[in-house]
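Report on one structure; see the data block that follows.
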Amino acid sequence: MFFRRENYTHPAFKEAALNMLPLATGISAWGLMTGVAMVKSGMSVVEALAMTFLVYAGSSQLAAIPLIVAGAPVWVIWATGFCVNLRFVVFSLHLRPYMMHMPRWRRMVNGYLTADMSYAMFTRRFPKPGTTREEWREEEAFLSGNYFVTWTSWMGASVIGIVLGNLIPTSWGLGFAGVLCLVGILCSLANTPLRKLAALVAGAAAVAAYSLPLKLNIVAAIAVAVAVSFWLERRGAAVSREAA
Amino acid sequence: MTRTDAWTLVVIAGLAGVSVLTRCFFFILDRSWALPAWADRALQYAPVAALAGVVAPEVVMNAGHLVPTWHDARLFAAPAGALLYYWRRSVLLTIGGGMAVYLPLHLLLGW
(Lines give C-alpha, C1' and ligand atoms only; values in the text may rest on other atoms or scores of the structure.)
Protein backbone atom coordinates (compact mmCIF):
# COMPACT_ATOMS: atom_id res chain seq x y z
CA MET A 1 0.00 0.00 0.00
CA PHE A 2 1.39 3.37 -0.99
CA PHE A 3 0.64 4.94 2.41
CA ARG A 4 3.00 2.57 4.28
CA ARG A 5 6.39 4.13 4.93
CA GLU A 6 8.33 0.93 4.28
CA ASN A 7 6.79 0.88 0.79
CA TYR A 8 7.20 4.45 -0.37
CA THR A 9 10.76 4.75 0.94
CA HIS A 10 11.88 1.57 -0.88
CA PRO A 11 13.73 2.25 -4.21
CA ALA A 12 11.38 -0.16 -6.05
CA PHE A 13 8.50 2.25 -5.33
CA LYS A 14 10.13 5.00 -7.39
CA GLU A 15 11.18 2.58 -10.12
CA ALA A 16 7.60 1.34 -10.48
CA ALA A 17 6.15 4.85 -10.45
CA LEU A 18 8.52 5.94 -13.22
CA ASN A 19 7.66 2.81 -15.23
CA MET A 20 3.97 3.59 -14.97
CA LEU A 21 4.24 7.31 -15.72
CA PRO A 22 4.13 7.02 -19.55
CA LEU A 23 0.84 5.15 -19.26
CA ALA A 24 -0.66 7.82 -17.00
CA THR A 25 -1.83 9.95 -19.96
CA GLY A 26 -3.91 7.10 -21.34
CA ILE A 27 -5.35 6.28 -17.91
CA SER A 28 -6.16 9.98 -17.36
CA ALA A 29 -7.92 10.33 -20.72
CA TRP A 30 -10.04 7.29 -19.94
CA GLY A 31 -10.79 8.57 -16.42
CA LEU A 32 -11.74 12.00 -17.76
CA MET A 33 -14.12 10.44 -20.23
CA THR A 34 -15.66 8.13 -17.62
CA GLY A 35 -16.21 11.16 -15.36
CA VAL A 36 -18.00 13.06 -18.14
CA ALA A 37 -20.02 9.97 -19.17
CA MET A 38 -21.25 9.37 -15.60
CA VAL A 39 -22.75 12.84 -15.14
CA LYS A 40 -23.99 13.10 -18.72
CA SER A 41 -25.91 9.82 -18.41
CA GLY A 42 -27.96 11.19 -15.55
CA MET A 43 -26.03 10.48 -12.35
CA SER A 44 -25.70 13.25 -9.78
CA VAL A 45 -22.28 14.70 -8.91
CA VAL A 46 -22.35 13.01 -5.49
CA GLU A 47 -23.22 9.65 -7.07
CA ALA A 48 -20.53 10.03 -9.72
CA LEU A 49 -17.89 10.92 -7.09
CA ALA A 50 -18.95 8.01 -4.87
CA MET A 51 -18.76 5.66 -7.83
CA THR A 52 -15.31 6.91 -8.84
CA PHE A 53 -13.77 6.68 -5.38
CA LEU A 54 -15.42 3.44 -4.25
CA VAL A 55 -15.80 1.23 -7.32
CA TYR A 56 -12.48 2.13 -9.01
CA ALA A 57 -13.11 -0.09 -12.06
CA GLY A 58 -13.76 1.78 -15.31
CA SER A 59 -15.46 -0.93 -17.36
CA SER A 60 -17.82 -2.09 -14.61
CA GLN A 61 -18.68 1.56 -13.82
CA LEU A 62 -19.52 2.27 -17.45
CA ALA A 63 -21.51 -0.96 -17.84
CA ALA A 64 -23.51 -0.16 -14.68
CA ILE A 65 -24.52 3.36 -15.78
CA PRO A 66 -27.24 2.46 -18.34
CA LEU A 67 -28.61 -0.16 -15.92
CA ILE A 68 -28.77 2.32 -13.02
CA VAL A 69 -30.44 4.91 -15.26
CA ALA A 70 -33.00 2.31 -16.40
CA GLY A 71 -33.73 1.35 -12.79
CA ALA A 72 -32.63 -2.28 -13.15
CA PRO A 73 -32.79 -4.47 -10.00
CA VAL A 74 -29.75 -4.32 -7.76
CA TRP A 75 -28.76 -7.97 -8.31
CA VAL A 76 -28.78 -7.58 -12.11
CA ILE A 77 -26.43 -4.58 -11.87
CA TRP A 78 -24.11 -6.39 -9.45
CA ALA A 79 -24.13 -9.59 -11.54
CA THR A 80 -23.30 -7.59 -14.68
CA GLY A 81 -20.46 -5.82 -12.86
CA PHE A 82 -19.21 -9.18 -11.63
CA CYS A 83 -19.17 -10.66 -15.15
CA VAL A 84 -17.42 -7.60 -16.59
CA ASN A 85 -14.82 -7.93 -13.80
CA LEU A 86 -14.22 -11.67 -14.25
CA ARG A 87 -10.81 -11.05 -15.79
CA PHE A 88 -9.65 -9.94 -12.32
CA VAL A 89 -10.60 -13.36 -10.95
CA VAL A 90 -8.08 -14.87 -13.36
CA PHE A 91 -5.46 -12.30 -12.32
CA SER A 92 -6.08 -13.05 -8.63
CA LEU A 93 -5.25 -16.73 -9.14
CA HIS A 94 -1.93 -15.68 -10.68
CA LEU A 95 -1.24 -13.15 -7.86
CA ARG A 96 -2.04 -15.53 -5.00
CA PRO A 97 1.55 -16.79 -4.41
CA TYR A 98 2.77 -13.17 -4.30
CA MET A 99 0.20 -12.23 -1.67
CA MET A 100 -0.11 -15.11 0.78
CA HIS A 101 2.74 -14.03 3.08
CA MET A 102 0.71 -10.92 4.07
CA PRO A 103 -2.12 -10.70 6.58
CA ARG A 104 -5.57 -10.75 4.98
CA TRP A 105 -6.37 -7.03 5.25
CA ARG A 106 -3.13 -6.12 3.45
CA ARG A 107 -3.79 -8.70 0.73
CA MET A 108 -7.22 -7.23 0.18
CA VAL A 109 -6.09 -3.58 0.05
CA ASN A 110 -3.30 -4.50 -2.38
CA GLY A 111 -5.68 -6.62 -4.45
CA TYR A 112 -8.39 -3.95 -4.60
CA LEU A 113 -5.89 -1.35 -5.85
CA THR A 114 -4.31 -3.62 -8.49
CA ALA A 115 -6.10 -3.00 -11.79
CA ASP A 116 -5.20 -4.24 -15.29
CA MET A 117 -2.08 -2.15 -15.92
CA SER A 118 -0.53 -2.73 -12.49
CA TYR A 119 -1.16 -6.47 -12.75
CA ALA A 120 0.49 -6.64 -16.17
CA MET A 121 3.50 -4.55 -15.18
CA PHE A 122 3.99 -6.29 -11.82
CA THR A 123 3.91 -9.84 -13.17
CA ARG A 124 6.28 -8.86 -15.99
CA ARG A 125 8.77 -7.38 -13.51
CA PHE A 126 8.49 -10.33 -11.08
CA PRO A 127 7.86 -13.47 -13.18
CA LYS A 128 8.37 -15.66 -10.06
CA PRO A 129 7.04 -14.93 -6.56
CA GLY A 130 9.76 -14.03 -4.04
CA THR A 131 10.79 -16.38 -1.22
CA THR A 132 12.72 -14.13 1.18
CA ARG A 133 11.56 -11.23 3.35
CA GLU A 134 13.67 -8.81 1.25
CA GLU A 135 12.09 -9.98 -2.00
CA TRP A 136 8.60 -9.65 -0.50
CA ARG A 137 9.32 -6.07 0.55
CA GLU A 138 10.62 -5.20 -2.90
CA GLU A 139 7.53 -6.72 -4.56
CA GLU A 140 5.07 -4.89 -2.36
CA ALA A 141 6.96 -1.59 -2.78
CA PHE A 142 6.98 -2.04 -6.57
CA LEU A 143 3.28 -2.89 -6.69
CA SER A 144 2.48 0.12 -4.48
CA GLY A 145 4.49 2.56 -6.59
CA ASN A 146 2.78 1.18 -9.64
CA TYR A 147 -0.80 1.57 -8.50
CA PHE A 148 -0.02 4.85 -6.76
CA VAL A 149 0.44 6.41 -10.22
CA THR A 150 -2.56 4.57 -11.68
CA TRP A 151 -4.85 5.53 -8.79
CA THR A 152 -3.90 9.22 -8.63
CA SER A 153 -4.09 9.78 -12.41
CA TRP A 154 -7.43 7.94 -12.67
CA MET A 155 -8.99 9.75 -9.69
CA GLY A 156 -7.66 13.20 -10.62
CA ALA A 157 -8.89 12.91 -14.21
CA SER A 158 -12.28 11.45 -13.17
CA VAL A 159 -12.94 14.36 -10.80
CA ILE A 160 -12.05 16.86 -13.55
CA GLY A 161 -14.37 14.95 -15.90
CA ILE A 162 -17.23 15.06 -13.40
CA VAL A 163 -16.82 18.85 -12.96
CA LEU A 164 -16.53 19.45 -16.72
CA GLY A 165 -19.43 17.13 -17.48
CA ASN A 166 -21.59 19.14 -15.13
CA LEU A 167 -20.89 22.30 -17.19
CA ILE A 168 -21.59 20.74 -20.61
CA PRO A 169 -25.24 20.47 -21.79
CA THR A 170 -26.58 16.89 -21.87
CA SER A 171 -28.03 17.48 -25.37
CA TRP A 172 -24.49 17.32 -26.81
CA GLY A 173 -24.62 13.58 -26.22
CA LEU A 174 -21.18 13.18 -24.59
CA GLY A 175 -22.54 10.27 -22.55
CA PHE A 176 -22.10 8.25 -25.74
CA ALA A 177 -18.33 8.36 -25.16
CA GLY A 178 -18.97 5.82 -22.37
CA VAL A 179 -20.60 3.42 -24.85
CA LEU A 180 -17.69 3.89 -27.27
CA CYS A 181 -15.28 3.10 -24.47
CA LEU A 182 -17.14 -0.17 -23.82
CA VAL A 183 -17.01 -0.90 -27.58
CA GLY A 184 -13.21 -0.56 -27.42
CA ILE A 185 -12.88 -2.78 -24.34
CA LEU A 186 -15.22 -5.31 -25.95
CA CYS A 187 -13.09 -5.44 -29.11
CA SER A 188 -9.93 -5.91 -27.03
CA LEU A 189 -11.45 -8.80 -25.05
CA ALA A 190 -13.01 -10.51 -28.09
CA ASN A 191 -9.62 -11.85 -29.19
CA THR A 192 -10.53 -15.42 -30.20
CA PRO A 193 -13.12 -16.53 -32.81
CA LEU A 194 -15.34 -18.09 -30.14
CA ARG A 195 -15.21 -14.95 -28.00
CA LYS A 196 -16.16 -12.81 -31.02
CA LEU A 197 -19.08 -15.13 -31.63
CA ALA A 198 -20.08 -14.97 -27.95
CA ALA A 199 -20.13 -11.16 -28.24
CA LEU A 200 -22.34 -11.25 -31.35
CA VAL A 201 -24.73 -13.79 -29.82
CA ALA A 202 -24.96 -11.83 -26.57
CA GLY A 203 -25.55 -8.53 -28.39
CA ALA A 204 -28.33 -10.00 -30.54
CA ALA A 205 -29.90 -11.78 -27.56
CA ALA A 206 -29.86 -8.62 -25.42
CA VAL A 207 -31.69 -6.71 -28.17
CA ALA A 208 -34.15 -9.53 -28.93
CA ALA A 209 -34.96 -10.03 -25.23
CA TYR A 210 -35.12 -6.32 -24.47
CA SER A 211 -38.78 -6.43 -23.48
CA LEU A 212 -38.03 -8.81 -20.58
CA PRO A 213 -38.76 -7.05 -17.30
CA LEU A 214 -36.06 -6.01 -14.80
CA LYS A 215 -33.32 -5.69 -17.45
CA LEU A 216 -33.14 -9.49 -17.45
CA ASN A 217 -32.17 -9.27 -21.12
CA ILE A 218 -28.55 -8.78 -19.99
CA VAL A 219 -28.67 -11.94 -17.85
CA ALA A 220 -30.36 -13.84 -20.69
CA ALA A 221 -27.72 -12.60 -23.14
CA ILE A 222 -24.86 -13.85 -20.94
CA ALA A 223 -26.53 -17.23 -20.40
CA VAL A 224 -27.29 -17.78 -24.10
CA ALA A 225 -23.84 -16.67 -25.27
CA VAL A 226 -22.00 -18.86 -22.73
CA ALA A 227 -24.21 -21.86 -23.57
CA VAL A 228 -23.63 -21.44 -27.32
CA SER A 229 -19.86 -21.10 -26.80
CA PHE A 230 -19.75 -24.25 -24.62
CA TRP A 231 -21.66 -26.18 -27.26
CA LEU A 232 -19.40 -25.00 -30.09
CA GLU A 233 -16.30 -25.67 -27.98
CA ARG A 234 -17.40 -29.28 -27.49
CA ARG A 235 -18.30 -29.70 -31.15
CA GLY A 236 -14.91 -28.24 -32.13
CA ALA A 237 -13.19 -30.75 -29.83
CA ALA A 238 -15.24 -33.62 -31.33
CA VAL A 239 -14.42 -32.52 -34.90
CA SER A 240 -10.69 -32.31 -34.20
CA ARG A 241 -10.81 -35.77 -32.56
CA GLU A 242 -12.44 -37.19 -35.70
CA ALA A 243 -9.86 -35.49 -37.89
CA ALA A 244 -7.04 -37.00 -35.83
CA MET B 1 -28.80 19.06 -11.49
CA THR B 2 -29.78 15.48 -10.86
CA ARG B 3 -30.79 14.44 -7.34
CA THR B 4 -28.82 11.87 -5.41
CA ASP B 5 -30.83 8.92 -4.22
CA ALA B 6 -30.09 6.33 -1.57
CA TRP B 7 -30.83 3.36 -3.87
CA THR B 8 -28.09 4.41 -6.29
CA LEU B 9 -25.62 4.76 -3.41
CA VAL B 10 -26.46 1.21 -2.25
CA VAL B 11 -25.86 -0.03 -5.82
CA ILE B 12 -22.51 1.80 -5.88
CA ALA B 13 -21.43 0.38 -2.51
CA GLY B 14 -22.25 -3.11 -3.80
CA LEU B 15 -20.24 -2.52 -6.98
CA ALA B 16 -17.29 -1.50 -4.79
CA GLY B 17 -17.72 -4.86 -3.03
CA VAL B 18 -17.71 -6.56 -6.45
CA SER B 19 -14.39 -4.82 -7.25
CA VAL B 20 -12.83 -6.11 -4.01
CA LEU B 21 -14.30 -9.60 -4.44
CA THR B 22 -13.16 -10.08 -8.05
CA ARG B 23 -9.69 -8.54 -7.63
CA CYS B 24 -8.95 -10.59 -4.48
CA PHE B 25 -11.00 -13.68 -5.45
CA PHE B 26 -8.34 -16.36 -4.98
CA PHE B 27 -6.41 -14.83 -2.09
CA ILE B 28 -9.21 -13.89 0.32
CA LEU B 29 -9.20 -17.35 1.92
CA ASP B 30 -6.04 -18.77 3.44
CA ARG B 31 -6.44 -22.27 2.07
CA SER B 32 -5.97 -22.72 -1.66
CA TRP B 33 -8.88 -23.86 -3.80
CA ALA B 34 -9.90 -24.16 -7.45
CA LEU B 35 -13.00 -23.37 -9.48
CA PRO B 36 -15.11 -26.19 -10.91
CA ALA B 37 -14.26 -26.85 -14.58
CA TRP B 38 -17.48 -25.30 -15.96
CA ALA B 39 -16.86 -22.02 -14.12
CA ASP B 40 -13.30 -21.96 -15.40
CA ARG B 41 -14.62 -22.25 -18.96
CA ALA B 42 -17.37 -19.68 -18.39
CA LEU B 43 -14.60 -17.20 -17.50
CA GLN B 44 -13.59 -17.33 -21.15
CA TYR B 45 -16.89 -16.02 -22.48
CA ALA B 46 -18.92 -14.30 -19.74
CA PRO B 47 -16.99 -10.97 -19.78
CA VAL B 48 -17.44 -10.33 -23.53
CA ALA B 49 -21.06 -11.52 -23.30
CA ALA B 50 -21.83 -9.11 -20.44
CA LEU B 51 -20.23 -6.16 -22.23
CA ALA B 52 -21.94 -6.94 -25.56
CA GLY B 53 -25.26 -7.39 -23.75
CA VAL B 54 -24.97 -3.91 -22.28
CA VAL B 55 -23.55 -2.21 -25.39
CA ALA B 56 -25.79 -3.54 -28.20
CA PRO B 57 -29.10 -2.08 -26.91
CA GLU B 58 -27.33 1.24 -26.21
CA VAL B 59 -26.39 1.43 -29.89
CA VAL B 60 -29.40 0.10 -31.82
CA MET B 61 -32.39 0.79 -29.53
CA ASN B 62 -34.38 3.82 -28.54
CA ALA B 63 -36.88 3.76 -25.66
CA GLY B 64 -37.23 -0.02 -25.89
CA HIS B 65 -37.53 -0.34 -29.69
CA LEU B 66 -35.10 -0.90 -32.53
CA VAL B 67 -34.30 2.47 -34.09
CA PRO B 68 -36.70 2.78 -37.06
CA THR B 69 -34.35 4.88 -39.22
CA TRP B 70 -30.69 4.79 -40.17
CA HIS B 71 -30.60 8.52 -39.39
CA ASP B 72 -29.08 7.82 -36.01
CA ALA B 73 -25.53 8.93 -35.23
CA ARG B 74 -24.92 5.92 -32.95
CA LEU B 75 -25.33 3.44 -35.83
CA PHE B 76 -22.31 5.01 -37.55
CA ALA B 77 -20.17 5.96 -34.57
CA ALA B 78 -20.08 2.54 -32.88
CA PRO B 79 -18.94 0.53 -35.97
CA ALA B 80 -16.45 3.31 -36.80
CA GLY B 81 -15.06 3.02 -33.27
CA ALA B 82 -14.81 -0.78 -33.56
CA LEU B 83 -13.00 -0.55 -36.93
CA LEU B 84 -10.58 2.01 -35.50
CA TYR B 85 -9.87 -0.37 -32.64
CA TYR B 86 -8.95 -3.18 -35.04
CA TRP B 87 -6.81 -0.77 -37.05
CA ARG B 88 -4.62 0.51 -34.20
CA ARG B 89 -5.56 -1.61 -31.13
CA SER B 90 -6.23 1.54 -29.11
CA VAL B 91 -9.32 2.10 -26.97
CA LEU B 92 -8.55 5.83 -26.83
CA LEU B 93 -8.64 6.03 -30.64
CA THR B 94 -11.99 4.20 -30.56
CA ILE B 95 -13.43 6.85 -28.26
CA GLY B 96 -11.84 9.81 -30.05
CA GLY B 97 -12.63 8.61 -33.57
CA GLY B 98 -16.11 7.39 -32.63
CA MET B 99 -16.98 10.75 -31.10
CA ALA B 100 -15.55 12.50 -34.20
CA VAL B 101 -18.18 10.58 -36.20
CA TYR B 102 -20.93 10.93 -33.59
CA LEU B 103 -20.77 14.63 -32.69
CA PRO B 104 -21.10 16.19 -36.19
CA LEU B 105 -23.96 13.84 -37.12
CA HIS B 106 -25.68 14.40 -33.77
CA LEU B 107 -25.14 18.17 -33.34
CA LEU B 108 -25.23 19.39 -36.96
CA LEU B 109 -27.70 16.99 -38.59
CA GLY B 110 -29.67 16.19 -35.45
CA TRP B 111 -29.39 12.38 -35.99
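FYI, nothing fancy with the C-alpha coordinates labels: chains A, B, ... in order, residues from 1 per chain, ligands from 1 as they appear.
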Practice task
Please provide as a PyMOL selection string all residues within 12 Å of range 74-90 of chain B, with the sequence filter that same-chain residues fewer than 6 positions apart are discarded (counting only C-alpha atoms).
Solution key: (chain A and resi 26+30+173-191) or (chain B and resi 55-62+66-68+96-106+110-111)
Counting only C-alpha atoms, which residues of chain B sit at most 7 Å from some atom of chain A, and what is each one's closest atom pair with its distance in Å to one decimal, listed by chain and rising residue number, as JSON lines?
{"residue": "B:Met1", "atom": "CA", "partner": "A:Ser44", "partner_atom": "CA", "distance": 6.8}
{"residue": "B:Thr2", "atom": "CA", "partner": "A:Ser44", "partner_atom": "CA", "distance": 4.8}
{"residue": "B:Arg3", "atom": "CA", "partner": "A:Ser44", "partner_atom": "CA", "distance": 5.8}
{"residue": "B:Thr4", "atom": "CA", "partner": "A:Ser44", "partner_atom": "CA", "distance": 5.5}
{"residue": "B:Leu9", "atom": "CA", "partner": "A:Glu47", "partner_atom": "CA", "distance": 6.6}
{"residue": "B:Val11", "atom": "CA", "partner": "A:Val74", "partner_atom": "CA", "distance": 6.1}
{"residue": "B:Ile12", "atom": "CA", "partner": "A:Met51", "partner_atom": "CA", "distance": 5.7}
{"residue": "B:Ala13", "atom": "CA", "partner": "A:Leu54", "partner_atom": "CA", "distance": 7.0}
{"residue": "B:Gly14", "atom": "CA", "partner": "A:Trp78", "partner_atom": "CA", "distance": 6.8}
{"residue": "B:Leu15", "atom": "CA", "partner": "A:Val55", "partner_atom": "CA", "distance": 5.8}
{"residue": "B:Ala16", "atom": "CA", "partner": "A:Val55", "partner_atom": "CA", "distance": 4.0}
{"residue": "B:Val18", "atom": "CA", "partner": "A:Phe82", "partner_atom": "CA", "distance": 6.0}
{"residue": "B:Ser19", "atom": "CA", "partner": "A:Val55", "partner_atom": "CA", "distance": 6.2}
{"residue": "B:Val20", "atom": "CA", "partner": "A:Tyr112", "partner_atom": "CA", "distance": 5.0}
{"residue": "B:Thr22", "atom": "CA", "partner": "A:Val89", "partner_atom": "CA", "distance": 5.1}
{"residue": "B:Arg23", "atom": "CA", "partner": "A:Phe88", "partner_atom": "CA", "distance": 4.9}
{"residue": "B:Cys24", "atom": "CA", "partner": "A:Gly111", "partner_atom": "CA", "distance": 5.1}
{"residue": "B:Phe25", "atom": "CA", "partner": "A:Val89", "partner_atom": "CA", "distance": 5.5}
{"residue": "B:Phe26", "atom": "CA", "partner": "A:Leu93", "partner_atom": "CA", "distance": 5.2}
{"residue": "B:Phe27", "atom": "CA", "partner": "A:Arg96", "partner_atom": "CA", "distance": 5.3}
{"residue": "B:Ile28", "atom": "CA", "partner": "A:Arg104", "partner_atom": "CA", "distance": 6.7}
{"residue": "B:Ala42", "atom": "CA", "partner": "A:Val226", "partner_atom": "CA", "distance": 6.4}
{"residue": "B:Leu43", "atom": "CA", "partner": "A:Leu86", "partner_atom": "CA", "distance": 6.4}
{"residue": "B:Tyr45", "atom": "CA", "partner": "A:Val226", "partner_atom": "CA", "distance": 5.8}
{"residue": "B:Ala46", "atom": "CA", "partner": "A:Cys83", "partner_atom": "CA", "distance": 5.9}
{"residue": "B:Pro47", "atom": "CA", "partner": "A:Val84", "partner_atom": "CA", "distance": 4.7}
{"residue": "B:Val48", "atom": "CA", "partner": "A:Ala199", "partner_atom": "CA", "distance": 5.5}
{"residue": "B:Ala49", "atom": "CA", "partner": "A:Ala199", "partner_atom": "CA", "distance": 5.0}
{"residue": "B:Ala50", "atom": "CA", "partner": "A:Ile222", "partner_atom": "CA", "distance": 5.6}
{"residue": "B:Leu51", "atom": "CA", "partner": "A:Leu186", "partner_atom": "CA", "distance": 6.3}
{"residue": "B:Ala52", "atom": "CA", "partner": "A:Gly203", "partner_atom": "CA", "distance": 4.9}
{"residue": "B:Gly53", "atom": "CA", "partner": "A:Gly203", "partner_atom": "CA", "distance": 4.8}
{"residue": "B:Val54", "atom": "CA", "partner": "A:Ala63", "partner_atom": "CA", "distance": 6.4}
{"residue": "B:Val55", "atom": "CA", "partner": "A:Val179", "partner_atom": "CA", "distance": 6.4}
{"residue": "B:Ala56", "atom": "CA", "partner": "A:Gly203", "partner_atom": "CA", "distance": 5.0}
{"residue": "B:Pro57", "atom": "CA", "partner": "A:Val207", "partner_atom": "CA", "distance": 5.5}
{"residue": "B:Gly64", "atom": "CA", "partner": "A:Tyr210", "partner_atom": "CA", "distance": 6.8}
{"residue": "B:Ala78", "atom": "CA", "partner": "A:Leu180", "partner_atom": "CA", "distance": 6.2}
{"residue": "B:Gly81", "atom": "CA", "partner": "A:Leu180", "partner_atom": "CA", "distance": 6.6}
{"residue": "B:Ala82", "atom": "CA", "partner": "A:Gly184", "partner_atom": "CA", "distance": 6.3}
{"residue": "B:Tyr85", "atom": "CA", "partner": "A:Gly184", "partner_atom": "CA", "distance": 6.2}
{"residue": "B:Val91", "atom": "CA", "partner": "A:Gly184", "partner_atom": "CA", "distance": 4.7}
{"residue": "B:Thr94", "atom": "CA", "partner": "A:Gly184", "partner_atom": "CA", "distance": 5.8}
{"residue": "B:Ile95", "atom": "CA", "partner": "A:Leu180", "partner_atom": "CA", "distance": 5.3}
{"residue": "B:Gly98", "atom": "CA", "partner": "A:Leu180", "partner_atom": "CA", "distance": 6.6}
{"residue": "B:Met99", "atom": "CA", "partner": "A:Ala177", "partner_atom": "CA", "distance": 6.5}
{"residue": "B:Leu107", "atom": "CA", "partner": "A:Trp172", "partner_atom": "CA", "distance": 6.6}
